[in-house]
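Novice: You'll find structure08.txt just under this line, and it carries compact mmCIF, C-alpha atoms.
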# COMPACT_ATOMS: atom_id res chain seq x y z
CA MET A 15 115.44 181.19 79.42
CA ARG A 16 113.16 181.43 82.43
CA ALA A 17 110.14 180.60 80.27
CA HIS A 18 111.94 177.52 78.94
CA MET A 19 112.78 176.36 82.48
CA MET A 20 109.20 176.95 83.59
CA MET A 21 107.93 174.85 80.68
CA MET A 22 110.35 172.06 81.58
CA MET A 23 109.21 172.10 85.22
CA ILE A 24 105.54 172.01 84.20
CA MET A 25 106.20 169.06 81.87
CA MET A 26 108.04 167.16 84.62
CA MET A 27 105.18 167.79 87.06
CA MET A 28 102.70 166.49 84.49
CA ILE A 29 104.77 163.33 83.98
CA VAL A 30 104.96 162.73 87.74
CA ALA A 31 101.25 163.36 88.12
CA SER A 32 100.41 160.99 85.27
CA GLY A 33 102.65 158.37 86.90
CA VAL A 34 100.67 158.72 90.13
CA CYS A 35 97.38 158.32 88.27
CA VAL A 36 98.47 155.06 86.64
CA ALA A 37 100.18 153.69 89.72
CA GLY A 38 99.03 150.14 88.89
CA MET A 39 97.51 147.58 91.21
CA ARG A 40 96.66 148.67 94.76
CA VAL A 41 95.63 146.12 97.40
CA PHE A 42 93.86 146.98 100.68
CA THR A 43 93.56 144.74 103.76
CA ALA A 44 92.42 145.03 107.38
CA GLY A 45 95.96 144.99 108.77
CA GLU A 46 95.23 143.02 111.94
CA VAL A 47 92.41 140.60 112.74
CA ARG A 48 91.58 138.68 115.94
CA ALA A 49 89.67 135.41 115.98
CA VAL A 50 88.63 133.06 118.78
CA ASN A 51 90.08 129.56 118.53
CA GLY A 52 87.68 127.23 116.69
CA THR A 53 85.62 129.98 115.03
CA ASP A 54 85.42 131.17 111.40
CA VAL A 55 87.09 134.40 110.34
CA ARG A 56 86.94 136.46 107.14
CA LEU A 57 90.21 137.91 105.84
CA LYS A 58 89.20 140.95 103.82
CA CYS A 59 91.15 141.98 100.74
CA SER A 60 90.03 144.52 98.13
CA PHE A 61 91.87 145.98 95.17
CA GLN A 62 91.98 148.79 92.61
CA SER A 63 93.47 148.44 89.15
CA SER A 64 94.45 150.98 86.51
CA SER A 65 93.40 148.44 83.84
CA ALA A 66 89.88 147.27 83.06
CA ILE A 67 88.81 144.33 85.22
CA ARG A 68 88.59 141.13 83.18
CA LYS A 69 87.46 138.15 85.24
CA ALA A 70 89.31 135.68 83.04
CA SER A 71 92.69 137.32 83.59
CA VAL A 72 92.57 138.43 87.25
CA THR A 73 94.54 136.18 89.61
CA VAL A 74 94.49 136.19 93.42
CA SER A 75 97.19 134.55 95.53
CA TRP A 76 97.04 134.14 99.31
CA THR A 77 100.14 133.01 101.22
CA PHE A 78 100.94 132.49 104.90
CA ARG A 79 104.01 133.22 107.01
CA PRO A 80 103.91 131.70 110.52
CA LEU A 81 104.95 133.59 113.65
CA GLY A 82 107.73 131.15 114.40
CA PRO A 83 110.38 129.82 112.05
CA GLY A 84 109.12 128.15 108.92
CA PRO A 85 108.74 128.64 105.18
CA GLU A 86 106.00 130.67 103.50
CA GLU A 87 103.01 128.49 102.58
CA THR A 88 100.42 128.70 99.82
CA VAL A 89 96.94 129.28 101.25
CA PHE A 90 94.70 129.83 98.24
CA TYR A 91 94.73 130.63 94.51
CA TYR A 92 91.96 132.04 92.32
CA GLN A 93 91.64 132.49 88.56
CA GLU A 94 88.09 132.34 87.21
CA LYS A 95 87.42 129.71 89.88
CA PRO A 96 88.85 128.92 93.34
CA PHE A 97 91.78 126.54 93.75
CA PRO A 98 91.95 125.55 97.45
CA PRO A 99 95.11 123.77 98.65
CA PRO A 100 94.99 119.96 98.22
CA ASP A 101 97.15 119.35 101.30
CA GLY A 102 98.88 121.09 104.19
CA ARG A 103 97.47 122.95 107.19
CA PHE A 104 94.93 124.86 105.07
CA ARG A 105 93.35 121.82 103.39
CA LYS A 106 89.55 122.07 103.80
CA LYS A 107 90.10 125.13 105.99
CA VAL A 108 89.82 127.98 103.47
CA GLU A 109 86.98 129.11 101.19
CA TRP A 110 86.66 131.82 98.55
CA ALA A 111 84.49 134.73 99.74
CA GLY A 112 85.37 137.34 97.11
CA ASP A 113 83.82 138.84 94.00
CA ILE A 114 86.20 139.90 91.23
CA SER A 115 83.67 142.21 89.57
CA GLY A 116 83.26 143.93 92.95
CA ARG A 117 87.06 144.12 93.37
CA ASP A 118 86.88 141.80 96.38
CA ALA A 119 89.51 139.07 96.91
CA SER A 120 88.53 137.99 100.44
CA ILE A 121 88.70 134.47 101.86
CA VAL A 122 87.16 132.75 104.90
CA LEU A 123 89.15 130.53 107.25
CA ARG A 124 87.08 127.80 108.93
CA LYS A 125 87.48 126.82 112.60
CA VAL A 126 90.85 128.49 113.01
CA PRO A 127 93.40 126.73 115.25
CA PHE A 128 96.31 128.41 117.05
CA SER A 129 98.64 127.24 114.26
CA PHE A 130 97.06 129.93 112.03
CA ASN A 131 98.75 132.69 114.05
CA GLY A 132 100.85 134.63 111.58
CA THR A 133 100.74 136.92 108.55
CA PHE A 134 98.51 136.26 105.54
CA SER A 135 99.45 138.03 102.29
CA CYS A 136 97.01 138.88 99.49
CA GLN A 137 98.40 139.55 96.00
CA VAL A 138 96.21 140.48 93.04
CA LYS A 139 97.25 140.71 89.38
CA ASN A 140 95.24 142.01 86.44
CA PRO A 141 97.50 141.83 83.36
CA PRO A 142 99.01 144.05 82.14
CA ASP A 143 98.56 145.55 85.62
CA VAL A 144 100.77 143.10 87.53
CA HIS A 145 102.87 145.44 89.68
CA GLY A 146 101.72 146.84 92.99
CA ASN A 147 101.71 146.33 96.73
CA VAL A 148 100.93 143.10 98.54
CA GLY A 149 98.25 143.38 101.23
CA GLU A 150 98.98 141.82 104.62
CA VAL A 151 96.67 140.61 107.39
CA ARG A 152 98.17 139.69 110.77
CA LEU A 153 95.89 137.08 112.32
CA ARG A 154 95.84 136.58 116.09
CA VAL A 155 94.03 133.47 117.27
CA VAL A 156 92.99 133.88 120.91
CA THR A 157 91.39 131.68 123.58
CA THR A 158 88.41 133.94 124.31
CA ALA A 159 86.89 137.13 122.99
CA SER A 160 88.63 140.35 124.00
CA LEU A 161 87.21 142.64 126.69
CA SER A 162 86.12 145.19 124.10
CA GLU A 163 84.17 142.50 122.19
CA LEU A 164 82.49 141.36 125.42
CA VAL A 165 81.58 144.96 126.27
CA ILE A 166 80.06 145.43 122.80
CA LEU A 167 78.05 142.21 123.24
CA CYS A 168 76.81 143.28 126.70
CA VAL A 169 75.83 146.72 125.40
CA ALA A 170 73.94 145.13 122.50
CA ILE A 171 72.03 142.76 124.81
CA GLY A 172 71.33 145.55 127.32
CA GLY A 173 70.09 147.81 124.54
CA ALA A 174 67.72 145.12 123.26
CA VAL A 175 66.30 144.53 126.77
CA LEU A 176 65.88 148.28 127.29
CA LEU A 177 63.97 148.62 123.99
CA ILE A 178 61.62 145.79 125.02
CA LEU A 179 60.98 147.44 128.41
CA LEU A 180 60.31 150.79 126.77
CA GLY A 181 57.85 149.11 124.40
CA VAL A 182 55.96 147.49 127.31
CA MET A 183 55.89 150.80 129.21
CA MET A 184 54.48 152.60 126.16
CA VAL A 185 51.70 150.02 125.79
CA VAL A 186 50.78 150.36 129.49
CA PHE A 187 50.86 154.17 129.26
CA VAL A 188 48.59 154.21 126.16
CA ARG A 189 46.06 151.89 127.83
CA ARG A 190 45.94 154.00 131.00
CA SER A 191 45.48 157.17 128.97
CA HIS A 192 42.66 155.55 127.03
CA ARG A 193 40.89 154.53 130.26
CA ARG A 194 41.16 158.05 131.69
CA ARG A 195 39.61 159.55 128.56
CA ASN A 196 36.68 157.10 128.64
CA PRO A 197 35.70 156.83 132.32
CA GLU A 198 32.18 155.54 131.53
CA GLN A 199 33.73 152.30 130.28
CA ASN A 200 35.44 151.77 133.60
CA HIS A 201 32.20 151.40 135.61
CA THR A 202 31.50 147.90 136.71
CA ILE A 203 28.07 146.57 137.54
CA LEU A 204 27.87 146.30 141.28
CA ARG A 205 25.61 143.67 142.73
CA PRO A 206 23.41 144.95 145.58
CA GLU A 207 24.58 143.88 148.96
CA GLN A 208 22.71 140.88 150.27
CA LYS A 209 21.59 141.10 153.84
CA VAL A 210 22.03 137.99 155.77
CA LEU A 211 19.12 137.48 158.18
CA THR A 212 19.92 135.55 161.24
CA GLY A 213 17.31 134.21 163.59
CA TRP A 214 17.48 134.63 167.35
Translate the structure of the given file into structure tokens.

Specialist:
Amino acid sequence: MRAHMMMMMIMMMMIVASGVCVAGMRVFTAGEVRAVNGTDVRLKCSFQSSSAIRKASVTVSWTFRPLGPGPEETVFYYQEKPFPPPDGRFRKKVEWAGDISGRDASIVLRKVPFSFNGTFSCQVKNPPDVHGNVGEVRLRVVTTASLSELVILCVAIGGAVLLILLGVMMVVFVRRSHRRRNPEQNHTILRPEQKVLTGW
């Protein structure tokens, strides 16, 4: 009896484990992205599928939900080739930046305005693998770069200046060392002093 129960438990665990292994489509996104008003921003979206990737059958759908009241809007659609929206707020504002063979379904938003504040959703289907999570990216369009971004920029510029100064100092040090090792090259030809004769 105990052996039978043990076998049943093992079989159930195997079924659960196999279900985890073939969990279907999984979509991964950045979660939250900040962009300065009027700049371009990449919304990253990658995916994993339990089925073989076939470019002809994979579909990517991007939608948008604004912060305030309003219906969900279509942002972008892809199947073998990109289908940007013909009208609406995203017309001529979104470009395909993904690679299906590389499991990348990213897009780029051009010159983002404040009206793009909201949640972007990325859904990928690879029949028969059509069930899975929907990735979300919360976009925050801001007036200026954040303090952390400014600090990173300052550190990068300061580091570049420091490297240049170190390079100049190394060149000067090498030249001085070379002169000390070869003192005979440092002698200059001195002209004999000319005596100026003055008459009384």

Novice: Which residue, A:Ser75, A:Thr88, A:Ser129, A:Asn51, has the smallest gap to Val148 of chain A when you use all atoms listed in the file?

Specialist: A:Ser75

Novice: Smallest atom-to-atom distance to Phe104 of chain A: which of A:Lys125, A:Ser120, A:Gly84, A:Thr53, using only C-alpha atoms?

Specialist: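 Closest candidate: A:Lys125.
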
Novice: Counting all atoms listed in the file, figure out which residue out of A:Ser64, A:Thr158, A:Thr133, A:Ser191 gets nearest to Val50 of chain A.

Specialist: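 Nearest to Val50 of chain A: A:Thr158.
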
Novice: Rank nothing, just name the residue among A:Ala66, A:Val144, A:Val169, A:Leu153 nearest to Ala44 of chain A, using only C-alpha atoms.

Specialist: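 The answer is A:Leu153, which sits nearest to Ala44 of chain A.
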
Novice: Taking 3 positions as the minimum chain separation for residues in the same chain, which residues sit within 9 Å of Pro96 of chain A when counting only C-alpha atoms? Answer as a list of chain:residue names.

Specialist: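 Skipping anything fewer than 3 positions along the chain leaves A:Phe90, A:Tyr91, A:Tyr92, A:Gln93, A:Glu109, A:Trp110.
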
Novice: Between A:Gly146, A:Gly45, A:Gly52, A:Gly38, which residue has the minimum interatomic distance to Val126 of chain A, considering only C-alpha atoms?

Specialist: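 Smallest separation from Val126 of chain A among the options: A:Gly52.
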
Novice: Choose the residue, out of A:Val41, A:Leu179, A:Ala111, A:Val74, that has the smallest atom-to-atom separation from Arg124 of chain A; count all atoms listed in the file.

Specialist: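 When distances to Arg124 of chain A are compared using all atoms listed in the file, the smallest one comes from A:Ala111.
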
Novice: Take atom CA of Arg79 of chain A and atom CA of Arg40 of chain A and report the distance between them in Å, one decimal.

Specialist: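 Between atom CA of Arg79 of chain A and atom CA of Arg40 of chain A the gap works out to 21.0 Å.
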
Novice: Between atom CA of Ser60 of chain A and atom CA of Val138 of chain A, what is the distance in Å, rounded to a tenth?

Specialist: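 Separation of atom CA of Ser60 of chain A and atom CA of Val138 of chain A: 9.0 Å.
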
Novice: Rounded to one decimal, what separation in Å do you get between atom CA of Phe78 of chain A and atom CA of Gly112 of chain A?

Specialist: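 Rounded to one decimal, the two atoms are 18.1 Å apart.
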
Novice: Enclose all atoms of segment 65-71 of chain A listed in the file in an axis-aligned box, grow every side by 3 Å, and hand back centre and edge lengths in Å to one decimal, as lines of an AutoDock Vina configuration file.

Specialist:
center_x = 90.4
center_y = 142.1
center_z = 84.1
size_x = 11.9
size_y = 18.8
size_z = 8.2

Novice: Give me the residues within 10 Å of Ala70 of chain A as a short mmCIF file (atom, residue, chain, number, x, y, z; two decimals) with C-alpha atoms, in the coordinates of the input, counting all atoms listed in the file and dropping any in the same chain fewer than 5 places off.

Specialist:
data_model
loop_
_atom_site.label_atom_id
_atom_site.label_comp_id
_atom_site.auth_asym_id
_atom_site.auth_seq_id
_atom_site.Cartn_x
_atom_site.Cartn_y
_atom_site.Cartn_z
CA GLN A 93 91.64 132.49 88.56
CA GLU A 94 88.09 132.34 87.21
CA LYS A 95 87.42 129.71 89.88
CA ILE A 114 86.20 139.90 91.23
CA ASN A 140 95.24 142.01 86.44
#

Novice: Would you mind listing what lies within 12 Å of Glu87 of chain A as a ChimeraX atom specification, with all atoms listed in the file counted and same-chain residues fewer than 5 positions away left out?

Specialist: /A:75-80,99,101-105,130,132-135
